[in-house]
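Colleague: Below you'll find the structure I mean.
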Number of protein chains: 2
Amino acid sequence: MDDTRWLTPDELRAWTRFVAVVELLPGILDSQLQRDAELSHFEYFVLAMLSESPQRTLRMTGLASATNATLPRLSHVVSRLEKRGFVERTACAEDRRATNATLTDAGWRKVVETAPGHVETVRENVLEPLTEEDVADLDRVMGRVLAKLDPEHRFNAAVTRTD
Amino acid sequence: MDDTRWLTPDELRAWTRFVAVVELLPGILDSQLQRDAELSHFEYFVLAMLSESPQRTLRMTGLASATNATLPRLSHVVSRLEKRGFVERTACAEDRRATNATLTDAGWRKVVETAPGHVETVRENVLEPLTEEDVADLDRVMGRVLAKLDPEHRFNAAVTRTD
DNA sequence: CCCGATTAGTTGTTGATACAACTAACGCTA
DNA sequence: TAGCGTTAGTTGTATCAACAACTAATCGGG
């Protein structure tokens, strides 16, 4: 009945630590951004993805897939960002079903002024305690896991590409 | 004005992949547990922490800190689990302000029958794509990050301990 | 022994996400 | 060009988490 392949002690310890970090990290990122920019990490991520896109514009579907959001979720978030003046919706010329989300100048400035604090948080909490070799190992290991979780390389498409 | 220490290309790539995994993993864990056991990952985690504790019992405060939950959040979750018969609240004898949360027999059975599927999901999505060396590196790197994020070793106290 | 401060926990409200249902537009085929 | 299936996006509802306010019990001086 029980043909479960349980984790070895080494695997268990690695997994336990990993899942702890996965639980803790979002809270760290969210609270710094919330405090300093009144942005959730996801909202910041949406703005950042747009800021790196040609014309600072992406289709809703493309943006959803790049941020791993469902379309309904993204639609709500973009509505909020639109109310705050950071994003603009424009009709898509080629396909009248589609909607383009464009980063406004105010949105661009928001990203520019928010990024340093965010980077500092990442550096302090994640990169700082790591050696150069650790960073290389992290990159390799996460690359392998990511290949499993996101084989299509949809997530964060602008930056993640290996090729 | 801009004395930000930006990320090097290597750091950026490692971070980008890491944050992608951090975004994707909770959804994977949640949906498997929701589908197979009607439990969120957090609910499962609460039950699992209790199952590993002496007398299958923990104070609310201790359970909150071990699961990185605020007390209000935990209180609500325990209420739900109590309604479903998996957990019982009992008054604490030594400190009448305190409440003990105890895993019931039904809760224990729930953990026992849910664990294999969960472990299988973890194995398939995280451990499978990794070599033995990768697992060791993951353990080391996460240990270092965790030491920064959770210096008190409160999270998952039963298993994470190094000593 | 009593009063302020702290600790433990619960409850209510507000905001965000998931899920489902819906509208609108495209595209293929007959 | 009519109709069916698919794709793009929005809107409404139910659930869960964060935050604040609250109650109750303990602790630590005077």
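FYI, nothing fancy with the structure tokens labels: chains A, B, ... in order, residues from 1 per chain, ligands from 1 as they appear.
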What residues in chain C lie within 8 Å of chain B, counting only C-alpha atoms (C1' of nucleotides), written as a PyMOL selection string?
Modeller: chain C and resi 8-10
Colleague: Selection from above, C-alpha atoms (C1' of nucleotides), as a short mmCIF file (atom, residue, chain, number, x, y, z; two decimals), in the first residue's frame, can you write it?
Modeller:
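The resulting file, again.cif, is reproduced below:
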```
data_model
loop_
_atom_site.label_atom_id
_atom_site.label_comp_id
_atom_site.auth_asym_id
_atom_site.auth_seq_id
_atom_site.Cartn_x
_atom_site.Cartn_y
_atom_site.Cartn_z
"C1'" DA C 8 -2.26 35.45 24.53
"C1'" DG C 9 -5.85 35.03 21.81
"C1'" DT C 10 -10.32 36.19 19.31
#
```
Colleague: Per residue of chain A within 8 Å of chain B, record the nearest atom pair and its distance in Å to one decimal, counting only C-alpha atoms, with rows in chain order and ascending residue number, as JSON lines.
Modeller:
```
{"residue": "A:Thr4", "atom": "CA", "partner": "B:Pro116", "partner_atom": "CA", "distance": 5.8}
{"residue": "A:Arg5", "atom": "CA", "partner": "B:Glu120", "partner_atom": "CA", "distance": 7.5}
{"residue": "A:Trp6", "atom": "CA", "partner": "B:Val119", "partner_atom": "CA", "distance": 6.9}
{"residue": "A:Leu7", "atom": "CA", "partner": "B:Val119", "partner_atom": "CA", "distance": 7.5}
{"residue": "A:Asp10", "atom": "CA", "partner": "B:Ala136", "partner_atom": "CA", "distance": 7.5}
{"residue": "A:Glu11", "atom": "CA", "partner": "B:Val135", "partner_atom": "CA", "distance": 6.6}
{"residue": "A:Arg13", "atom": "CA", "partner": "B:Asp139", "partner_atom": "CA", "distance": 6.8}
{"residue": "A:Ala14", "atom": "CA", "partner": "B:Asp139", "partner_atom": "CA", "distance": 4.1}
{"residue": "A:Trp15", "atom": "CA", "partner": "B:Asp139", "partner_atom": "CA", "distance": 7.5}
{"residue": "A:Thr16", "atom": "CA", "partner": "B:Thr160", "partner_atom": "CA", "distance": 6.5}
{"residue": "A:Arg17", "atom": "CA", "partner": "B:Met142", "partner_atom": "CA", "distance": 5.8}
{"residue": "A:Phe18", "atom": "CA", "partner": "B:Met142", "partner_atom": "CA", "distance": 5.7}
{"residue": "A:Ala20", "atom": "CA", "partner": "B:Phe155", "partner_atom": "CA", "distance": 6.7}
{"residue": "A:Val21", "atom": "CA", "partner": "B:Leu146", "partner_atom": "CA", "distance": 6.1}
{"residue": "A:Val22", "atom": "CA", "partner": "B:Val22", "partner_atom": "CA", "distance": 5.6}
{"residue": "A:Glu23", "atom": "CA", "partner": "B:Asn68", "partner_atom": "CA", "distance": 7.8}
{"residue": "A:Leu24", "atom": "CA", "partner": "B:Leu149", "partner_atom": "CA", "distance": 7.1}
{"residue": "A:Leu25", "atom": "CA", "partner": "B:Leu149", "partner_atom": "CA", "distance": 7.6}
{"residue": "A:Pro26", "atom": "CA", "partner": "B:Val22", "partner_atom": "CA", "distance": 7.9}
{"residue": "A:Asn68", "atom": "CA", "partner": "B:Leu24", "partner_atom": "CA", "distance": 7.4}
{"residue": "A:Pro116", "atom": "CA", "partner": "B:Thr4", "partner_atom": "CA", "distance": 5.8}
{"residue": "A:Val119", "atom": "CA", "partner": "B:Trp6", "partner_atom": "CA", "distance": 6.9}
{"residue": "A:Glu120", "atom": "CA", "partner": "B:Thr4", "partner_atom": "CA", "distance": 7.5}
{"residue": "A:Arg123", "atom": "CA", "partner": "B:Leu7", "partner_atom": "CA", "distance": 8.0}
{"residue": "A:Asn125", "atom": "CA", "partner": "B:Lys148", "partner_atom": "CA", "distance": 6.3}
{"residue": "A:Val126", "atom": "CA", "partner": "B:Val145", "partner_atom": "CA", "distance": 5.7}
{"residue": "A:Leu127", "atom": "CA", "partner": "B:Glu11", "partner_atom": "CA", "distance": 7.6}
{"residue": "A:Pro129", "atom": "CA", "partner": "B:Arg144", "partner_atom": "CA", "distance": 6.0}
{"residue": "A:Leu130", "atom": "CA", "partner": "B:Arg144", "partner_atom": "CA", "distance": 6.9}
{"residue": "A:Asp134", "atom": "CA", "partner": "B:Val141", "partner_atom": "CA", "distance": 6.1}
{"residue": "A:Val135", "atom": "CA", "partner": "B:Ala14", "partner_atom": "CA", "distance": 6.5}
{"residue": "A:Ala136", "atom": "CA", "partner": "B:Ala14", "partner_atom": "CA", "distance": 7.2}
{"residue": "A:Asp137", "atom": "CA", "partner": "B:Asp137", "partner_atom": "CA", "distance": 6.4}
{"residue": "A:Leu138", "atom": "CA", "partner": "B:Ala14", "partner_atom": "CA", "distance": 6.2}
{"residue": "A:Asp139", "atom": "CA", "partner": "B:Ala14", "partner_atom": "CA", "distance": 4.1}
{"residue": "A:Arg140", "atom": "CA", "partner": "B:Ala14", "partner_atom": "CA", "distance": 7.8}
{"residue": "A:Val141", "atom": "CA", "partner": "B:Asp134", "partner_atom": "CA", "distance": 6.1}
{"residue": "A:Met142", "atom": "CA", "partner": "B:Phe18", "partner_atom": "CA", "distance": 5.7}
{"residue": "A:Gly143", "atom": "CA", "partner": "B:Arg17", "partner_atom": "CA", "distance": 6.3}
{"residue": "A:Arg144", "atom": "CA", "partner": "B:Pro129", "partner_atom": "CA", "distance": 6.0}
{"residue": "A:Val145", "atom": "CA", "partner": "B:Val126", "partner_atom": "CA", "distance": 5.7}
{"residue": "A:Leu146", "atom": "CA", "partner": "B:Val21", "partner_atom": "CA", "distance": 6.1}
{"residue": "A:Lys148", "atom": "CA", "partner": "B:Asn125", "partner_atom": "CA", "distance": 6.3}
{"residue": "A:Leu149", "atom": "CA", "partner": "B:Asn125", "partner_atom": "CA", "distance": 6.6}
{"residue": "A:Phe155", "atom": "CA", "partner": "B:Ala20", "partner_atom": "CA", "distance": 6.8}
{"residue": "A:Asn156", "atom": "CA", "partner": "B:Ala20", "partner_atom": "CA", "distance": 7.3}
{"residue": "A:Val159", "atom": "CA", "partner": "B:Thr16", "partner_atom": "CA", "distance": 7.3}
{"residue": "A:Thr160", "atom": "CA", "partner": "B:Arg17", "partner_atom": "CA", "distance": 6.5}
```
Colleague: Could you please take those selected residues and save C-alpha atoms as a PDB file, in the first residue's frame?
Modeller:
```pdb
ATOM      1  CA  THR A   4       5.755   6.250  -1.349  1.00  0.00           C
ATOM      2  CA  ARG A   5       9.341   7.180  -1.978  1.00  0.00           C
ATOM      3  CA  TRP A   6       9.900   9.245   1.134  1.00  0.00           C
ATOM      4  CA  LEU A   7      12.581  11.887   1.240  1.00  0.00           C
ATOM      5  CA  ASP A  10      19.443  15.125   3.124  1.00  0.00           C
ATOM      6  CA  GLU A  11      16.541  15.782   0.797  1.00  0.00           C
ATOM      7  CA  ARG A  13      16.576  19.052   5.167  1.00  0.00           C
ATOM      8  CA  ALA A  14      17.137  20.825   1.874  1.00  0.00           C
ATOM      9  CA  TRP A  15      13.428  20.861   1.138  1.00  0.00           C
ATOM     10  CA  THR A  16      12.512  22.077   4.605  1.00  0.00           C
ATOM     11  CA  ARG A  17      14.900  24.987   4.372  1.00  0.00           C
ATOM     12  CA  PHE A  18      13.823  25.773   0.854  1.00  0.00           C
ATOM     13  CA  ALA A  20      10.878  28.018   4.712  1.00  0.00           C
ATOM     14  CA  VAL A  21      12.568  30.558   2.465  1.00  0.00           C
ATOM     15  CA  VAL A  22       9.718  30.338  -0.021  1.00  0.00           C
ATOM     16  CA  GLU A  23       7.290  31.154   2.777  1.00  0.00           C
ATOM     17  CA  LEU A  24       9.320  33.967   4.271  1.00  0.00           C
ATOM     18  CA  LEU A  25      10.637  35.787   1.236  1.00  0.00           C
ATOM     19  CA  PRO A  26       7.389  37.127  -0.241  1.00  0.00           C
ATOM     20  CA  ASN A  68       2.374  34.118 -13.960  1.00  0.00           C
ATOM     21  CA  PRO A 116      16.876  51.071  -5.731  1.00  0.00           C
ATOM     22  CA  VAL A 119      17.317  46.010  -5.097  1.00  0.00           C
ATOM     23  CA  GLU A 120      18.787  46.935  -1.742  1.00  0.00           C
ATOM     24  CA  ARG A 123      20.822  42.353  -1.852  1.00  0.00           C
ATOM     25  CA  ASN A 125      18.338  39.572   2.427  1.00  0.00           C
ATOM     26  CA  VAL A 126      19.399  37.168  -0.284  1.00  0.00           C
ATOM     27  CA  LEU A 127      22.648  38.011  -2.026  1.00  0.00           C
ATOM     28  CA  PRO A 129      24.849  36.141   2.840  1.00  0.00           C
ATOM     29  CA  LEU A 130      26.005  34.298  -0.285  1.00  0.00           C
ATOM     30  CA  ASP A 134      26.730  30.235  -3.824  1.00  0.00           C
ATOM     31  CA  VAL A 135      25.212  32.587  -6.356  1.00  0.00           C
ATOM     32  CA  ALA A 136      26.393  30.381  -9.199  1.00  0.00           C
ATOM     33  CA  ASP A 137      24.946  27.316  -7.480  1.00  0.00           C
ATOM     34  CA  LEU A 138      21.674  29.098  -6.812  1.00  0.00           C
ATOM     35  CA  ASP A 139      21.474  30.046 -10.454  1.00  0.00           C
ATOM     36  CA  ARG A 140      22.123  26.496 -11.622  1.00  0.00           C
ATOM     37  CA  VAL A 141      19.724  24.828  -9.190  1.00  0.00           C
ATOM     38  CA  MET A 142      16.912  27.311  -9.761  1.00  0.00           C
ATOM     39  CA  GLY A 143      17.446  26.980 -13.489  1.00  0.00           C
ATOM     40  CA  ARG A 144      16.798  23.252 -13.230  1.00  0.00           C
ATOM     41  CA  VAL A 145      13.739  23.608 -11.053  1.00  0.00           C
ATOM     42  CA  LEU A 146      12.407  26.352 -13.263  1.00  0.00           C
ATOM     43  CA  LYS A 148      10.386  21.809 -14.656  1.00  0.00           C
ATOM     44  CA  LEU A 149       7.935  24.365 -13.282  1.00  0.00           C
ATOM     45  CA  PHE A 155       7.593  33.604 -16.704  1.00  0.00           C
ATOM     46  CA  ASN A 156       9.584  36.809 -16.741  1.00  0.00           C
ATOM     47  CA  VAL A 159      15.088  38.390 -18.467  1.00  0.00           C
ATOM     48  CA  THR A 160      15.028  34.666 -17.757  1.00  0.00           C
TER      49      THR A 160
END
```
Colleague: Go through D:DT23, D:DG29, D:DA17, D:DG5 one by one, measure the shortest atom-to-atom distance of each to chain B using only C-alpha atoms (C1' of nucleotides), and give the residue with the smallest value.
Modeller: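 Answer, going by the shortest atom-to-atom distance: D:DA17.
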Colleague: Using only C-alpha atoms (C1' of nucleotides), which of B:Gln55, B:Gln34, B:Thr70, B:Ser65 sits nearest chain D?
Modeller: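 Closest to chain D of all the choices is B:Thr70.
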Colleague: Quick check: residues of chain D within 10 Å of chain A, only C-alpha atoms (C1' of nucleotides), returned as a list in words.
Modeller: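 Using only C-alpha atoms (C1' of nucleotides), chain D residues at most 10 Å from chain A: DT7, DA8, DG9, DT10 and DT11 of chain D.
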Colleague: All Cα atoms, paired in order, least squares: that's the fit I need for chain A onto chain B, output as a tab-separated table (two decimals) with C-alpha atoms, in the first residue's frame.
Modeller:
```tsv
chain	number	residue	atom	x	y	z
A	1	MET	CA	22.17	60.63	-6.05
A	2	ASP	CA	22.24	57.14	-7.44
A	3	ASP	CA	24.57	55.20	-5.22
A	4	THR	CA	22.53	52.04	-5.65
A	5	ARG	CA	24.63	48.94	-5.92
A	6	TRP	CA	22.84	47.34	-8.83
A	7	LEU	CA	22.99	43.62	-9.38
A	8	THR	CA	25.72	42.16	-11.55
A	9	PRO	CA	24.52	40.14	-14.56
A	10	ASP	CA	25.22	36.90	-12.70
A	11	GLU	CA	23.37	38.06	-9.62
A	12	LEU	CA	20.48	39.31	-11.69
A	13	ARG	CA	20.08	36.03	-13.47
A	14	ALA	CA	20.21	34.00	-10.28
A	15	TRP	CA	17.76	36.31	-8.57
A	16	THR	CA	15.38	36.35	-11.52
A	17	ARG	CA	15.24	32.59	-11.63
A	18	PHE	CA	14.92	32.34	-7.89
A	19	VAL	CA	12.05	34.78	-7.69
A	20	ALA	CA	10.32	32.97	-10.55
A	21	VAL	CA	10.47	29.73	-8.59
A	22	VAL	CA	9.27	31.50	-5.47
A	23	GLU	CA	6.26	32.76	-7.41
A	24	LEU	CA	5.46	29.47	-9.09
A	25	LEU	CA	6.03	26.94	-6.35
A	26	PRO	CA	3.25	27.90	-3.92
A	27	GLY	CA	0.68	27.55	-6.67
A	28	ILE	CA	1.92	24.04	-7.49
A	29	LEU	CA	1.80	22.94	-3.87
A	30	ASP	CA	-1.55	24.58	-3.19
A	31	SER	CA	-3.33	23.16	-6.16
A	32	GLN	CA	-2.21	19.58	-5.60
A	33	LEU	CA	-3.25	19.71	-1.95
A	34	GLN	CA	-6.48	21.51	-2.75
A	35	ARG	CA	-7.33	18.96	-5.40
A	36	ASP	CA	-6.42	15.83	-3.45
A	37	ALA	CA	-7.17	16.83	0.14
A	38	GLU	CA	-9.11	20.12	0.05
A	39	LEU	CA	-6.33	21.69	2.07
A	40	SER	CA	-4.27	24.78	1.38
A	41	HIS	CA	-0.53	24.33	1.73
A	42	PHE	CA	-0.64	26.45	4.85
A	43	GLU	CA	-3.38	24.32	6.39
A	44	TYR	CA	-1.43	21.17	5.60
A	45	PHE	CA	1.65	22.73	7.10
A	46	VAL	CA	-0.20	23.53	10.30
A	47	LEU	CA	-1.41	19.93	10.59
A	48	ALA	CA	2.05	18.62	9.78
A	49	MET	CA	3.68	20.76	12.44
A	50	LEU	CA	1.22	19.53	15.03
A	51	SER	CA	1.75	15.94	13.95
A	52	GLU	CA	5.45	16.24	14.68
A	53	SER	CA	5.03	17.87	18.07
A	54	PRO	CA	4.99	16.08	21.43
A	55	GLN	CA	1.43	15.10	22.32
A	56	ARG	CA	0.55	16.40	18.86
A	57	THR	CA	-0.03	19.66	20.67
A	58	LEU	CA	1.35	23.18	20.47
A	59	ARG	CA	0.42	26.51	21.96
A	60	MET	CA	-1.18	28.89	19.50
A	61	THR	CA	1.76	31.25	19.82
A	62	GLY	CA	4.29	28.50	19.27
A	63	LEU	CA	2.37	27.17	16.30
A	64	ALA	CA	2.11	30.65	14.83
A	65	SER	CA	5.81	31.21	15.10
A	66	ALA	CA	6.66	27.75	13.73
A	67	THR	CA	4.48	28.37	10.69
A	68	ASN	CA	5.38	32.04	10.25
A	69	ALA	CA	1.78	33.06	10.71
A	70	THR	CA	0.45	36.03	12.61
A	71	LEU	CA	-1.71	35.06	15.55
A	72	PRO	CA	-4.91	36.39	13.95
A	73	ARG	CA	-4.26	34.40	10.79
A	74	LEU	CA	-3.56	31.24	12.73
A	75	SER	CA	-6.62	31.77	14.87
A	76	HIS	CA	-8.85	31.85	11.80
A	77	VAL	CA	-7.18	28.86	10.19
A	78	VAL	CA	-7.40	26.78	13.36
A	79	SER	CA	-11.08	27.68	13.62
A	80	ARG	CA	-11.64	26.26	10.15
A	81	LEU	CA	-9.61	23.14	10.89
A	82	GLU	CA	-11.53	22.76	14.13
A	83	LYS	CA	-14.87	22.91	12.30
A	84	ARG	CA	-13.63	20.12	10.06
A	85	GLY	CA	-12.63	18.04	13.05
A	86	PHE	CA	-8.88	17.98	12.43
A	87	VAL	CA	-7.82	20.09	15.38
A	88	GLU	CA	-9.07	20.66	18.89
A	89	ARG	CA	-8.58	23.68	21.11
A	90	THR	CA	-8.02	23.02	24.77
A	91	ALA	CA	-7.33	25.43	27.59
A	92	CYS	CA	-3.78	25.47	28.87
A	93	ALA	CA	-3.44	24.51	32.50
A	94	GLU	CA	-0.25	26.42	33.34
A	95	ASP	CA	-1.25	29.70	31.73
A	96	ARG	CA	-4.90	30.53	31.49
A	97	ARG	CA	-4.28	33.09	28.77
A	98	ALA	CA	-2.92	30.40	26.50
A	99	THR	CA	-4.70	27.93	24.23
A	100	ASN	CA	-3.38	24.58	23.10
A	101	ALA	CA	-4.08	23.31	19.61
A	102	THR	CA	-4.14	19.52	19.42
A	103	LEU	CA	-4.29	17.31	16.37
A	104	THR	CA	-7.29	14.97	16.61
A	105	ASP	CA	-7.19	11.35	15.44
A	106	ALA	CA	-9.07	12.42	12.33
A	107	GLY	CA	-6.46	15.13	11.81
A	108	TRP	CA	-3.69	12.58	12.20
A	109	ARG	CA	-5.30	10.29	9.65
A	110	LYS	CA	-5.71	13.25	7.32
A	111	VAL	CA	-1.98	14.00	7.51
A	112	VAL	CA	-1.09	10.34	7.02
A	113	GLU	CA	-3.23	9.98	3.95
A	114	THR	CA	-2.25	13.36	2.49
A	115	ALA	CA	1.49	13.18	3.00
A	116	PRO	CA	2.37	10.68	0.24
A	117	GLY	CA	0.76	12.75	-2.51
A	118	HIS	CA	2.39	15.88	-1.20
A	119	VAL	CA	5.81	14.26	-1.02
A	120	GLU	CA	5.33	12.95	-4.53
A	121	THR	CA	4.59	16.47	-5.75
A	122	VAL	CA	7.67	17.83	-4.05
A	123	ARG	CA	9.79	15.05	-5.45
A	124	GLU	CA	8.46	15.42	-8.96
A	125	ASN	CA	8.69	19.19	-9.17
A	126	VAL	CA	11.74	20.03	-7.11
A	127	LEU	CA	13.96	17.10	-6.24
A	128	GLU	CA	13.63	15.07	-9.41
A	129	PRO	CA	15.42	17.56	-11.68
A	130	LEU	CA	18.29	17.87	-9.20
A	131	THR	CA	21.46	15.83	-8.79
A	132	GLU	CA	22.68	14.80	-5.38
A	133	GLU	CA	25.16	17.64	-5.53
A	134	ASP	CA	22.41	20.09	-6.43
A	135	VAL	CA	20.49	19.06	-3.35
A	136	ALA	CA	23.54	19.65	-1.18
A	137	ASP	CA	24.04	23.07	-2.76
A	138	LEU	CA	20.38	23.94	-2.33
A	139	ASP	CA	20.61	22.99	1.31
A	140	ARG	CA	23.70	25.11	1.88
A	141	VAL	CA	22.43	28.18	0.03
A	142	MET	CA	18.98	28.09	1.59
A	143	GLY	CA	20.58	27.61	4.98
A	144	ARG	CA	22.48	30.86	4.52
A	145	VAL	CA	19.50	32.81	3.30
A	146	LEU	CA	17.36	31.39	6.06
A	147	ALA	CA	19.90	32.44	8.66
A	148	LYS	CA	19.27	35.98	7.46
A	149	LEU	CA	15.50	35.80	7.08
A	150	ASP	CA	14.87	33.86	10.27
A	151	PRO	CA	17.82	34.26	12.63
A	152	GLU	CA	15.83	32.92	15.57
A	153	HIS	CA	15.10	29.60	13.86
A	154	ARG	CA	11.47	29.98	14.71
A	155	PHE	CA	10.16	28.74	11.42
A	156	ASN	CA	9.49	25.03	11.25
A	157	ALA	CA	11.41	24.68	14.46
A	158	ALA	CA	10.87	20.93	14.71
A	159	VAL	CA	12.82	20.07	11.58
A	160	THR	CA	15.02	22.98	10.53
A	161	ARG	CA	17.45	22.86	13.40
A	162	THR	CA	21.08	22.52	12.39
A	163	ASP	CA	22.36	21.39	15.76
```
